[in-house]
Every structure is written in structure tokens, then in C-alpha cells.
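Okay, structure.txt is below, compact mmCIF, C-alpha atoms:
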# COMPACT_ATOMS: atom_id res chain seq x y z
CA MET D 1 -35.71 41.00 -14.45
CA ALA D 2 -35.15 37.48 -15.69
CA LYS D 3 -32.85 35.44 -13.58
CA ASP D 4 -29.62 34.17 -15.09
CA GLN D 5 -30.15 30.45 -15.66
CA ASN D 6 -26.39 29.89 -15.93
CA GLY D 7 -25.63 31.58 -12.64
CA PRO D 8 -25.16 28.39 -10.56
CA VAL D 9 -23.08 26.82 -13.33
CA LYS D 10 -20.80 29.84 -13.53
CA LEU D 11 -20.45 29.89 -9.75
CA ALA D 12 -19.54 26.20 -9.70
CA MET D 13 -16.97 26.74 -12.45
CA MET D 14 -15.44 29.64 -10.55
CA VAL D 15 -15.18 27.53 -7.40
CA LEU D 16 -13.62 24.62 -9.27
CA ASN D 17 -11.17 26.92 -11.02
CA SER D 18 -10.18 28.49 -7.69
CA VAL D 19 -9.63 25.05 -6.16
CA LEU D 20 -7.59 24.03 -9.20
CA VAL D 21 -5.39 27.12 -8.90
CA VAL D 22 -4.82 26.67 -5.15
CA VAL D 23 -4.01 22.96 -5.39
CA THR D 24 -1.74 23.48 -8.40
CA ASP D 25 0.14 26.33 -6.74
CA LEU D 26 0.72 24.26 -3.61
CA TRP D 27 2.09 21.23 -5.46
CA ALA D 28 4.08 23.36 -7.91
CA GLY D 29 5.70 25.19 -5.02
CA LEU D 30 6.60 21.90 -3.33
CA LEU D 31 8.00 20.16 -6.42
CA GLY D 32 9.86 23.29 -7.51
CA SER D 33 11.47 23.97 -4.15
CA ALA D 34 15.20 23.56 -3.76
CA VAL D 35 14.78 21.20 -0.80
CA PHE D 36 12.61 18.78 -2.77
CA ARG D 37 14.81 18.83 -5.86
CA ARG D 38 17.96 18.23 -3.86
CA HIS D 39 16.67 15.45 -1.64
CA PHE D 40 13.95 13.58 -3.53
CA HIS D 41 16.41 11.00 -4.85
CA LEU D 42 17.57 10.39 -1.28
CA LEU D 43 13.97 9.83 -0.20
CA LEU D 44 13.46 7.39 -3.07
CA SER D 45 16.68 5.56 -2.16
CA GLY D 46 15.49 5.23 1.43
CA VAL D 47 12.18 3.77 0.24
CA VAL D 48 13.97 1.13 -1.84
CA LEU D 49 16.44 0.33 0.91
CA PHE D 50 14.03 0.07 3.85
CA GLY D 51 10.77 -0.68 2.05
CA PRO D 52 11.12 -4.48 2.38
CA VAL D 53 10.94 -4.06 6.17
CA LEU D 54 7.22 -3.38 5.71
CA SER D 55 6.77 -7.05 4.81
CA LEU D 56 6.93 -7.79 8.55
CA TRP D 57 3.63 -5.98 9.11
CA VAL D 58 1.58 -6.30 5.93
CA SER D 59 -0.98 -9.06 5.52
CA LYS D 60 -0.49 -11.71 2.86
CA TYR D 61 -4.28 -11.74 2.41
CA SER D 62 -4.39 -8.10 1.30
CA ILE D 63 -5.68 -7.31 -2.17
CA PHE D 64 -2.27 -5.82 -2.98
CA ALA D 65 -0.61 -9.18 -2.29
CA ASN D 66 -2.08 -10.46 -5.56
CA ARG D 67 0.12 -9.79 -8.59
CA ASN D 68 -2.98 -9.91 -10.80
CA HIS D 69 -4.51 -6.92 -9.03
CA TYR D 70 -6.02 -4.26 -11.28
CA LEU D 71 -3.37 -1.64 -10.43
CA TYR D 72 -0.53 -3.97 -11.34
CA ARG D 73 -2.15 -5.09 -14.60
CA MET D 74 -3.39 -1.66 -15.66
CA PHE D 75 -0.48 0.57 -14.68
CA LEU D 76 2.65 -1.34 -13.73
CA ARG D 77 2.83 -3.48 -16.88
CA SER D 78 2.58 -0.35 -19.04
CA GLY D 79 4.26 2.05 -16.65
CA TRP D 80 6.53 3.69 -19.20
CA ALA D 81 3.63 4.37 -21.58
CA TRP D 82 1.65 6.18 -18.86
CA THR D 83 4.71 8.20 -17.86
CA CYS D 84 5.59 9.07 -21.45
CA VAL D 85 2.07 10.22 -22.37
CA PHE D 86 1.42 12.32 -19.25
CA THR D 87 4.88 13.86 -18.95
CA GLY D 88 5.23 14.42 -22.68
CA SER D 89 1.88 16.20 -22.84
CA PHE D 90 2.80 18.46 -19.93
CA VAL D 91 6.25 19.31 -21.33
CA PHE D 92 4.86 20.07 -24.79
CA VAL D 93 1.97 22.25 -23.58
CA LEU D 94 4.22 24.18 -21.20
CA SER D 95 7.06 24.79 -23.66
CA PHE D 96 4.86 25.58 -26.66
CA SER D 97 2.57 27.93 -24.72
CA ILE D 98 5.57 29.95 -23.53
CA ARG D 99 7.71 30.23 -26.66
CA ARG D 100 5.42 29.11 -29.52
CA SER D 101 8.41 27.30 -30.99
CA LEU D 102 7.87 23.77 -32.29
CA SER D 103 11.60 23.07 -32.53
CA LEU D 104 12.14 24.08 -28.90
CA SER D 105 9.24 21.91 -27.78
CA VAL D 106 10.62 18.94 -29.71
CA ARG D 107 14.04 19.50 -28.13
CA HIS D 108 12.50 19.38 -24.65
CA LEU D 109 10.52 16.28 -25.58
CA SER D 110 13.74 14.58 -26.69
CA ARG D 111 14.72 14.28 -23.01
CA ILE D 112 11.80 11.91 -22.48
CA ALA D 113 12.66 10.00 -25.65
CA THR D 114 16.22 9.59 -24.38
CA VAL D 115 14.98 8.16 -21.08
CA GLY D 116 12.76 5.81 -23.06
CA ALA D 117 15.74 4.64 -25.10
CA LEU D 118 17.66 4.12 -21.86
CA TRP D 119 14.81 2.01 -20.45
CA TRP D 120 14.56 -0.10 -23.61
CA GLY D 121 18.32 -0.62 -23.73
CA SER D 122 18.45 -1.52 -20.04
CA ARG D 123 15.71 -4.13 -20.45
CA SER D 124 17.45 -5.69 -23.44
CA LEU D 125 20.81 -5.79 -21.70
CA LEU D 126 19.39 -7.20 -18.46
CA THR D 127 17.47 -9.88 -20.37
CA LEU D 128 20.66 -10.88 -22.17
CA LEU D 129 22.65 -11.06 -18.93
CA GLU D 130 19.92 -13.06 -17.18
CA ASN D 131 19.80 -15.61 -20.00
CA MET D 132 23.58 -15.95 -19.90
CA ALA D 133 23.89 -16.22 -16.11
CA GLY D 134 20.84 -18.37 -15.30
CA SER D 135 19.79 -21.96 -15.87
CA CYS D 136 16.46 -23.68 -16.48
CA TYR D 137 15.43 -26.71 -14.42
CA GLU D 138 12.47 -29.04 -14.65
CA PRO D 139 11.27 -30.37 -11.28
CA MET D 140 10.89 -34.15 -11.31
CA PRO D 141 9.32 -36.18 -8.47
CA ALA D 142 11.75 -38.60 -6.91
CA THR D 143 9.22 -41.42 -7.34
CA LEU D 144 9.86 -41.38 -11.10
CA VAL D 145 13.43 -42.50 -10.51
CA GLY D 146 12.75 -44.78 -7.60
CA GLY D 147 14.76 -47.55 -9.17
CA LEU D 148 17.95 -45.50 -9.01
CA ASN D 149 20.18 -45.27 -5.96
CA LEU D 150 20.22 -41.49 -5.32
CA GLY D 151 21.41 -41.53 -1.75
CA GLN D 152 19.64 -40.73 1.48
CA GLY D 153 18.10 -37.52 0.12
CA ALA D 154 15.99 -39.42 -2.41
CA SER D 155 14.13 -41.25 0.34
CA VAL D 156 12.63 -38.08 1.79
CA PRO D 157 8.89 -38.04 1.00
CA GLY D 158 7.83 -35.32 -1.42
CA GLN D 159 11.40 -34.43 -2.43
CA SER D 160 11.89 -33.73 -6.16
CA LEU D 161 14.85 -33.75 -8.50
CA LEU D 162 15.83 -30.94 -10.88
CA LEU D 163 16.52 -31.83 -14.50
CA LEU D 164 18.73 -29.26 -16.24
CA HIS D 165 17.56 -27.93 -19.62
CA GLU D 166 20.47 -26.33 -21.44
CA GLY D 167 20.00 -23.52 -23.93
CA GLU D 168 16.63 -22.39 -22.56
CA ARG D 169 15.82 -18.71 -22.19
CA LYS D 170 14.19 -17.35 -19.05
CA ALA D 171 10.94 -16.36 -20.77
CA SER D 172 10.42 -19.73 -22.47
CA CYS D 173 11.48 -21.58 -19.32
CA LEU D 174 8.92 -19.86 -17.11
CA LYS D 175 6.24 -20.10 -19.80
CA ALA D 176 6.73 -23.88 -19.86
CA GLY D 177 6.16 -24.02 -16.09
CA MET D 178 9.75 -24.87 -15.25
CA LEU D 179 12.09 -23.35 -12.66
CA TRP D 180 14.59 -20.62 -13.46
CA GLN D 181 17.55 -20.07 -11.17
CA GLY D 182 20.12 -17.35 -11.62
CA TRP D 183 21.05 -13.72 -11.21
CA GLU D 184 18.38 -11.08 -11.96
CA VAL D 185 17.52 -7.41 -11.50
CA SER D 186 14.01 -6.22 -10.67
CA GLU D 187 12.87 -4.41 -13.82
CA ASP D 188 9.73 -3.18 -12.06
CA THR D 189 11.77 -1.41 -9.39
CA LEU D 190 14.12 0.03 -12.01
CA LEU D 191 11.21 1.39 -14.05
CA LEU D 192 9.33 2.87 -11.10
CA CYS D 193 12.42 4.63 -9.74
CA LEU D 194 13.30 5.99 -13.17
CA CYS D 195 9.75 7.22 -13.79
CA CYS D 196 9.49 8.86 -10.35
CA LEU D 197 12.74 10.77 -10.86
CA LEU D 198 11.73 11.80 -14.39
CA LEU D 199 8.35 13.10 -13.20
CA ALA D 200 9.95 14.99 -10.34
CA GLU D 201 12.46 16.68 -12.67
CA GLU D 202 10.04 17.62 -15.44
CA THR D 203 7.20 18.88 -13.24
CA ALA D 204 9.51 20.98 -11.06
CA VAL D 205 9.57 23.65 -13.78
CA LEU D 206 6.02 24.83 -13.13
CA GLY D 207 6.77 26.29 -9.70
CA PRO D 208 9.36 28.86 -10.86
CA TYR D 209 7.26 29.55 -13.96
CA LEU D 210 4.23 30.48 -11.87
CA ALA D 211 6.45 32.53 -9.54
CA LEU D 212 7.45 34.66 -12.53
CA GLY D 213 3.78 35.36 -13.23
CA GLY D 214 3.54 33.22 -16.34
CA PRO D 215 0.05 32.57 -17.71
CA SER D 216 -1.33 29.14 -16.93
CA GLY D 217 -4.72 27.98 -18.13
CA PRO D 218 -6.75 25.03 -16.83
CA PRO D 219 -5.32 22.55 -19.42
CA LEU D 220 -1.75 23.11 -18.23
CA ARG D 221 -2.74 22.90 -14.57
CA LEU D 222 -4.77 19.74 -15.13
CA LEU D 223 -1.87 18.07 -16.94
CA PHE D 224 0.39 19.03 -14.06
CA LEU D 225 -1.96 17.50 -11.50
CA LEU D 226 -2.21 14.33 -13.59
CA CYS D 227 1.58 14.08 -13.52
CA VAL D 228 1.61 14.63 -9.76
CA SER D 229 -1.06 11.95 -9.32
CA LEU D 230 0.97 9.55 -11.45
CA LEU D 231 4.04 10.27 -9.33
CA GLY D 232 2.05 9.42 -6.20
CA LEU D 233 0.76 6.23 -7.82
CA TRP D 234 4.27 5.09 -8.79
CA LEU D 235 5.49 5.67 -5.23
CA PHE D 236 2.54 3.69 -3.87
CA LEU D 237 3.13 0.77 -6.26
CA LEU D 238 6.83 0.80 -5.41
CA LEU D 239 5.99 0.47 -1.73
CA CYS D 240 3.54 -2.35 -2.53
CA LEU D 241 6.18 -4.27 -4.47
CA LEU D 242 8.75 -3.85 -1.73
CA ALA D 243 6.32 -4.77 1.05
CA TYR D 244 4.33 -7.61 -0.51
CA PHE D 245 6.91 -9.07 -2.92
CA PRO D 246 10.33 -8.45 -1.34
CA GLN D 247 13.20 -9.69 -3.49
CA PHE D 248 16.62 -8.93 -2.11
CA PRO D 249 18.99 -7.94 -3.66
CA SER D 250 17.30 -7.78 -7.09
CA GLN D 251 15.04 -4.87 -6.08
CA LEU D 252 17.97 -3.01 -4.56
CA LEU D 253 19.93 -3.45 -7.78
CA GLY D 254 16.96 -2.26 -9.82
CA GLY D 255 16.58 0.88 -7.70
CA ALA D 256 20.31 1.57 -7.89
CA LEU D 257 20.30 1.29 -11.70
CA GLY D 258 17.27 3.59 -11.93
CA CYS D 259 18.96 6.25 -9.81
CA LEU D 260 22.20 5.80 -11.77
CA GLY D 261 20.39 6.40 -15.06
CA TRP D 262 18.78 9.56 -13.65
CA ARG D 263 22.14 10.75 -12.35
CA GLY D 264 23.84 10.24 -15.70
CA LEU D 265 21.13 12.07 -17.66
CA TYR D 266 19.59 14.80 -15.51
CA GLN D 267 22.63 15.46 -13.35
CA GLY D 268 25.18 14.93 -16.09
CA TRP D 269 24.41 15.04 -19.81
CA TYR D 270 21.42 17.41 -19.63
CA ARG D 271 23.51 19.96 -17.71
CA LEU D 272 25.69 20.56 -20.78
CA GLN D 273 25.16 23.47 -23.13
CA PRO D 274 22.06 22.79 -25.29
CA SER D 275 22.99 21.73 -28.82
CA TRP D 276 21.95 19.26 -31.51
CA CYS D 277 23.26 16.41 -29.32
CA CYS D 278 22.06 17.73 -25.94
CA PRO D 279 18.42 18.66 -25.19
CA GLY D 280 19.32 20.77 -22.17
CA TRP D 281 17.85 20.73 -18.69
CA PRO D 282 14.12 21.11 -17.92
CA GLY D 283 13.09 24.74 -18.23
CA GLU D 284 16.09 25.77 -20.31
CA GLY D 285 15.11 28.68 -22.56
CA LEU D 286 11.65 28.90 -20.96
CA LEU D 287 12.12 30.59 -17.60
CA ILE D 288 13.55 33.98 -18.49
CA THR D 289 13.16 37.42 -16.99
CA THR D 290 14.07 40.87 -18.24
CA GLN D 291 17.06 42.70 -16.76
CA PRO D 292 17.17 46.37 -17.88
CA HIS D 293 20.74 46.93 -16.73
CA SER D 294 22.07 43.76 -18.29
CA GLU D 295 23.84 43.76 -21.64
CA ARG D 296 22.02 40.57 -22.62
CA GLY D 297 18.59 41.89 -21.61
CA VAL D 298 17.28 38.54 -20.37
CA HIS D 299 18.68 35.69 -18.36
CA ASP D 300 17.54 32.23 -17.39
CA VAL D 301 16.34 32.04 -13.81
CA TRP D 302 16.00 28.26 -13.53
CA PRO D 303 18.57 27.09 -10.95
CA LYS D 304 20.36 23.83 -11.77
CA TYR D 305 20.90 22.00 -8.50

Show this structure as C-alpha cells.
Amino acid sequence: MAKDQNGPVKLAMMVLNSVLVVVTDLWAGLLGSAVFRRHFHLLLSGVVLFGPVLSLWVSKYSIFANRNHYLYRMFLRSGWAWTCVFTGSFVFVLSFSIRRSLSLSVRHLSRIATVGALWWGSRSLLTLLENMAGSCYEPMPATLVGGLNLGQGASVPGQSLLLLHEGERKASCLKAGMLWQGWEVSEDTLLLCLCCLLLAEETAVLGPYLALGGPSGPPLRLLFLLCVSLLGLWLFLLLCLLAYFPQFPSQLLGGALGCLGWRGLYQGWYRLQPSWCCPGWPGEGLLITTQPHSERGVHDVWPKY
């Protein structure tokens, strides 16, 4: 008998598929558990609050102490795009594979679009407030005004004067190499906290779905693991920012605003009855089970904590 030439390939595929199923089930069970869903925002708050303490132990010569590092340039500067693409793909594949309804899938995707609108609006508002509350200064060496009597401070070697430039915006001021002083909120911290909470909420649906015995092919499981990996990356970058570039209280304010946006959407607006103006909570209309003795026949089993 001729040997099957594809035998080793099939065996390798079976092993990889088994590993994929085991890993996915473990992470889906963790992210879908009640303990994780109830306390993840507290964990994230603790990271933002106590993360800057790590600056006492990290080395300033580490590769992560360079703001031009590959991870910062590749992921952090386009963090919302990565989150939108990965999470949106997972939400669409999950919802459409269950109900085969394009309108329902679009309604679930509108949650992500709403968070994106919140992020865009927050950036615009924070930029406006920073431009209104800050001032632009041009450092000038004291030697250039040596002929003026500027008091005892002007005689200190190396001391510079600050020339105020009125009407300058923060972006143009920093681009010109000048100094900006004023109130600010860390947009990076705000974005990372918002993305972490969004990923945790949207991916938590898979655990109860698998517990109900729902079919799940490799594409859905791979998208889920990509979302989990992105969540881990955002947490790692958040720790790097807090440890290597501590900025108090701007990072604390950014984290607080990110958690506040999550609270208003996922713990507030999305809990309302789904309608044309409310997309509903993650898993709404997807996780259903039959009840023979019930008048309605089916009921949603997704708990809203």
C-alpha cells in the first residue's frame, strides 16, 4: 500500500488546531469570567496609579526608554487603528456567523464606531483646552541681553531668559523648537486605557458563547487570540510609558478620562434597551438558549455586570 504523503501535514494541522482550541478556551474562559469583568477596570486603575513607581527601578539606558522605539512608532502612534481593525473584525465575524444578519452585525460594530467618535472628540477638546491654558516661550541666553540690568539672576552662568510668544498653538510651538508650558492630559494614557477596556468588553463574549456549545472555526479563534495579544501589548506599553516617561498628574488624568468614557458607554448607555439610538451591550441578541417551558422560547444568557 502506498503511504499517505500528506500524513505528517495532517498530523501537524491536527496538533496546531488542538493547541489553538485549548489556548482559546483558556483565554475565553478568563476574559468571560465574572471576576475578570467586574475587576479589570480596578486592575487598570491600579496600574495607572502605581505604575510611575516603577521609574525608581528601571534603567534609563533601556531600549524602552527611547520614544523612537519601534513599538512606540509602529503601534502607539496608531493605537486606535490597530484596536479598531482587530476588534471590529472579531465582532463582525462572531455576530455574523451566529445570526447571519448584516444589520445586527452593523449594530454591534456601531459600538466601536461610537468609541472612536469619543476618542476623536476627546482629542479635539483636549487640544483646544491645552492651547487656551498654555503659553509658548522661546529660550534666550542671558548673554544676548548682557547690556540690560536683569538683577542677580542674570549673572548666573548658563541661565537663559524666556521670551513669551502670544497666540502660538502647542503643535506649532513645539515644532519650532520652543518651550510650551501649561496644563495637559496624557493622550497616550487615555487611548491605551480606553482601548484596553474596549478589548476586554468585546472579547468577553466568546467565553459564554463557547460554553453554550456554539460553533467556532479557526478564523474566529485566531481573531480572538489577536485581540488578546493586542490587549497584552497595550498593557505592556502602558507600563512602559508610566515607568520610563512618568508625567504626573497628566497620565493620571488621562487614565481617569479613559475609565470615565468606558463607564459612560459600556456601563451606562450600552445597557439601555437596544434601539436605533443604542447599539446594546456586547453579546446582545447573540447568546441565546432555548427554554421549552418558557412562553418566549428563548432568552439571552449574557449577564450584564

> CA of Lys175 in chain D and CA of Ser122 in chain D, how far apart in Å?
Replying inline: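 So the two atoms, CA of Ser122 in chain D and CA of Lys175 in chain D, lie 22.2 Å apart.
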
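Across the structure, CA of Asp25 in chain D and CA of Lys10 in chain D are spaced 22.3 Å apart.
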
>> Residues near range 17-24 of chain D, anyone? I mean within 12 Å using all atoms listed in the file, not counting same-chain ones fewer than 6 positions away, as a PyMOL selection string.
In response: chain D and resi 10-11+30-32+203-204+206-207+210+215-229

> Nearest to Ile112 in chain D among D:Ser97, D:Cys136, D:Tyr270, D:His39, with distances taken over all atoms listed in the file: which residue is it?
Replying inline: D:Tyr270

>> Measuring between all atoms listed in the file, which one of D:Leu230, D:Leu71, D:Leu191, D:Leu125 shows the shortest distance to Cys259 in chain D?
In response: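 Distance minimum relative to Cys259 in chain D lands on D:Leu191.
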
Considering all atoms listed in the file, return as an mmCIF file with C-alpha atoms, keeping the file's coordinate frame whatever protein or nucleic-acid residues lie within 7 Å of Glu130 in chain D, sequence-local ones (same chain, fewer than 3 positions apart) excluded.
data_model
loop_
_atom_site.group_PDB
_atom_site.id
_atom_site.type_symbol
_atom_site.label_atom_id
_atom_site.label_comp_id
_atom_site.auth_asym_id
_atom_site.auth_seq_id
_atom_site.Cartn_x
_atom_site.Cartn_y
_atom_site.Cartn_z
ATOM 1 C CA LEU D 126 19.390 -7.200 -18.460
ATOM 2 C CA THR D 127 17.470 -9.880 -20.370
ATOM 3 C CA ALA D 133 23.890 -16.220 -16.110
ATOM 4 C CA GLY D 134 20.840 -18.370 -15.300
ATOM 5 C CA TRP D 183 21.050 -13.720 -11.210
ATOM 6 C CA GLU D 184 18.380 -11.080 -11.960
#

> Of the candidates D:Leu43, D:Val85, D:Ala176, D:Ala12, which one gets nearest to Cys193 in chain D if we count only C-alpha atoms?
Replying inline: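 Going through D:Leu43, D:Val85, D:Ala176, D:Ala12 one by one, the smallest distance to Cys193 in chain D is for D:Leu43.
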
Some atoms are absent from range 56-91 of chain D, so rebuild N, CA and C atoms and return them as a CSV table (one decimal), keeping the file's coordinate frame.
chain,number,residue,atom,x,y,z
D,56,LEU,N,7.1,-7.2,7.2
D,56,LEU,CA,6.9,-7.8,8.6
D,56,LEU,C,5.6,-7.5,9.1
D,57,TRP,N,4.9,-6.4,8.6
D,57,TRP,CA,3.6,-6.0,9.1
D,57,TRP,C,2.4,-6.1,8.2
D,58,VAL,N,2.7,-6.2,6.9
D,58,VAL,CA,1.6,-6.3,5.9
D,58,VAL,C,1.0,-7.7,5.9
D,59,SER,N,-0.3,-7.8,5.5
D,59,SER,CA,-1.0,-9.1,5.5
D,59,SER,C,-0.9,-9.7,4.1
D,60,LYS,N,-0.6,-11.0,4.1
D,60,LYS,CA,-0.5,-11.7,2.9
D,60,LYS,C,-1.9,-11.9,2.2
D,61,TYR,N,-2.9,-11.6,3.0
D,61,TYR,CA,-4.3,-11.7,2.4
D,61,TYR,C,-4.8,-10.4,1.9
D,62,SER,N,-4.0,-9.4,1.8
D,62,SER,CA,-4.4,-8.1,1.3
D,62,SER,C,-4.6,-8.2,-0.2
D,63,ILE,N,-5.4,-7.3,-0.7
D,63,ILE,CA,-5.7,-7.3,-2.2
D,63,ILE,C,-4.4,-6.9,-3.0
D,64,PHE,N,-3.5,-6.2,-2.3
D,64,PHE,CA,-2.3,-5.8,-3.0
D,64,PHE,C,-1.2,-6.9,-3.0
D,65,ALA,N,-1.5,-8.0,-2.3
D,65,ALA,CA,-0.6,-9.2,-2.3
D,65,ALA,C,-0.8,-10.1,-3.5
D,66,ASN,N,-1.8,-9.7,-4.4
D,66,ASN,CA,-2.1,-10.5,-5.6
D,66,ASN,C,-1.5,-9.8,-6.8
D,67,ARG,N,-0.6,-10.4,-7.5
D,67,ARG,CA,0.1,-9.8,-8.6
D,67,ARG,C,-0.8,-9.5,-9.8
D,68,ASN,N,-2.0,-10.1,-9.8
D,68,ASN,CA,-3.0,-9.9,-10.8
D,68,ASN,C,-4.0,-8.8,-10.4
D,69,HIS,N,-3.6,-8.0,-9.4
D,69,HIS,CA,-4.5,-6.9,-9.0
D,69,HIS,C,-4.6,-5.9,-10.2
D,70,TYR,N,-5.7,-5.2,-10.2
D,70,TYR,CA,-6.0,-4.3,-11.3
D,70,TYR,C,-4.9,-3.2,-11.4
D,71,LEU,N,-4.4,-2.7,-10.3
D,71,LEU,CA,-3.4,-1.6,-10.4
D,71,LEU,C,-2.1,-2.2,-11.1
D,72,TYR,N,-1.7,-3.4,-10.7
D,72,TYR,CA,-0.5,-4.0,-11.3
D,72,TYR,C,-0.7,-4.2,-12.8
D,73,ARG,N,-1.9,-4.8,-13.2
D,73,ARG,CA,-2.2,-5.1,-14.6
D,73,ARG,C,-2.3,-3.8,-15.4
D,74,MET,N,-3.0,-2.8,-14.9
D,74,MET,CA,-3.4,-1.7,-15.7
D,74,MET,C,-2.3,-0.7,-15.8
D,75,PHE,N,-1.5,-0.5,-14.7
D,75,PHE,CA,-0.5,0.6,-14.7
D,75,PHE,C,1.0,0.1,-14.7
D,76,LEU,N,1.3,-0.9,-13.9
D,76,LEU,CA,2.6,-1.3,-13.7
D,76,LEU,C,3.2,-2.0,-15.0
D,77,ARG,N,2.4,-2.8,-15.7
D,77,ARG,CA,2.8,-3.5,-16.9
D,77,ARG,C,3.0,-2.5,-18.1
D,78,SER,N,2.4,-1.4,-18.0
D,78,SER,CA,2.6,-0.4,-19.0
D,78,SER,C,3.0,1.0,-18.4
D,79,GLY,N,3.9,0.9,-17.4
D,79,GLY,CA,4.3,2.0,-16.6
D,79,GLY,C,4.9,3.1,-17.5
D,80,TRP,N,5.8,2.7,-18.4
D,80,TRP,CA,6.5,3.7,-19.2
D,80,TRP,C,5.6,4.4,-20.1
D,81,ALA,N,4.6,3.7,-20.7
D,81,ALA,CA,3.6,4.4,-21.6
D,81,ALA,C,2.8,5.5,-20.9
D,82,TRP,N,2.4,5.2,-19.6
D,82,TRP,CA,1.6,6.2,-18.9
D,82,TRP,C,2.6,7.4,-18.6
D,83,THR,N,3.8,7.1,-18.2
D,83,THR,CA,4.7,8.2,-17.9
D,83,THR,C,5.0,9.0,-19.1
D,84,CYS,N,5.2,8.4,-20.2
D,84,CYS,CA,5.6,9.1,-21.4
D,84,CYS,C,4.4,10.0,-21.9
D,85,VAL,N,3.2,9.5,-21.9
D,85,VAL,CA,2.1,10.2,-22.4
D,85,VAL,C,1.8,11.4,-21.5
D,86,PHE,N,1.7,11.2,-20.2
D,86,PHE,CA,1.4,12.3,-19.2
D,86,PHE,C,2.5,13.4,-19.2
D,87,THR,N,3.8,12.9,-19.0
D,87,THR,CA,4.9,13.9,-19.0
D,87,THR,C,5.1,14.6,-20.3
D,88,GLY,N,5.0,13.8,-21.4
D,88,GLY,CA,5.2,14.4,-22.7
D,88,GLY,C,4.2,15.5,-23.0
D,89,SER,N,2.9,15.2,-22.6
D,89,SER,CA,1.9,16.2,-22.8
D,89,SER,C,2.1,17.5,-22.0
D,90,PHE,N,2.5,17.3,-20.8
D,90,PHE,CA,2.8,18.5,-19.9
D,90,PHE,C,4.0,19.3,-20.5
D,91,VAL,N,5.1,18.6,-20.8
D,91,VAL,CA,6.2,19.3,-21.3
D,91,VAL,C,5.9,20.1,-22.6
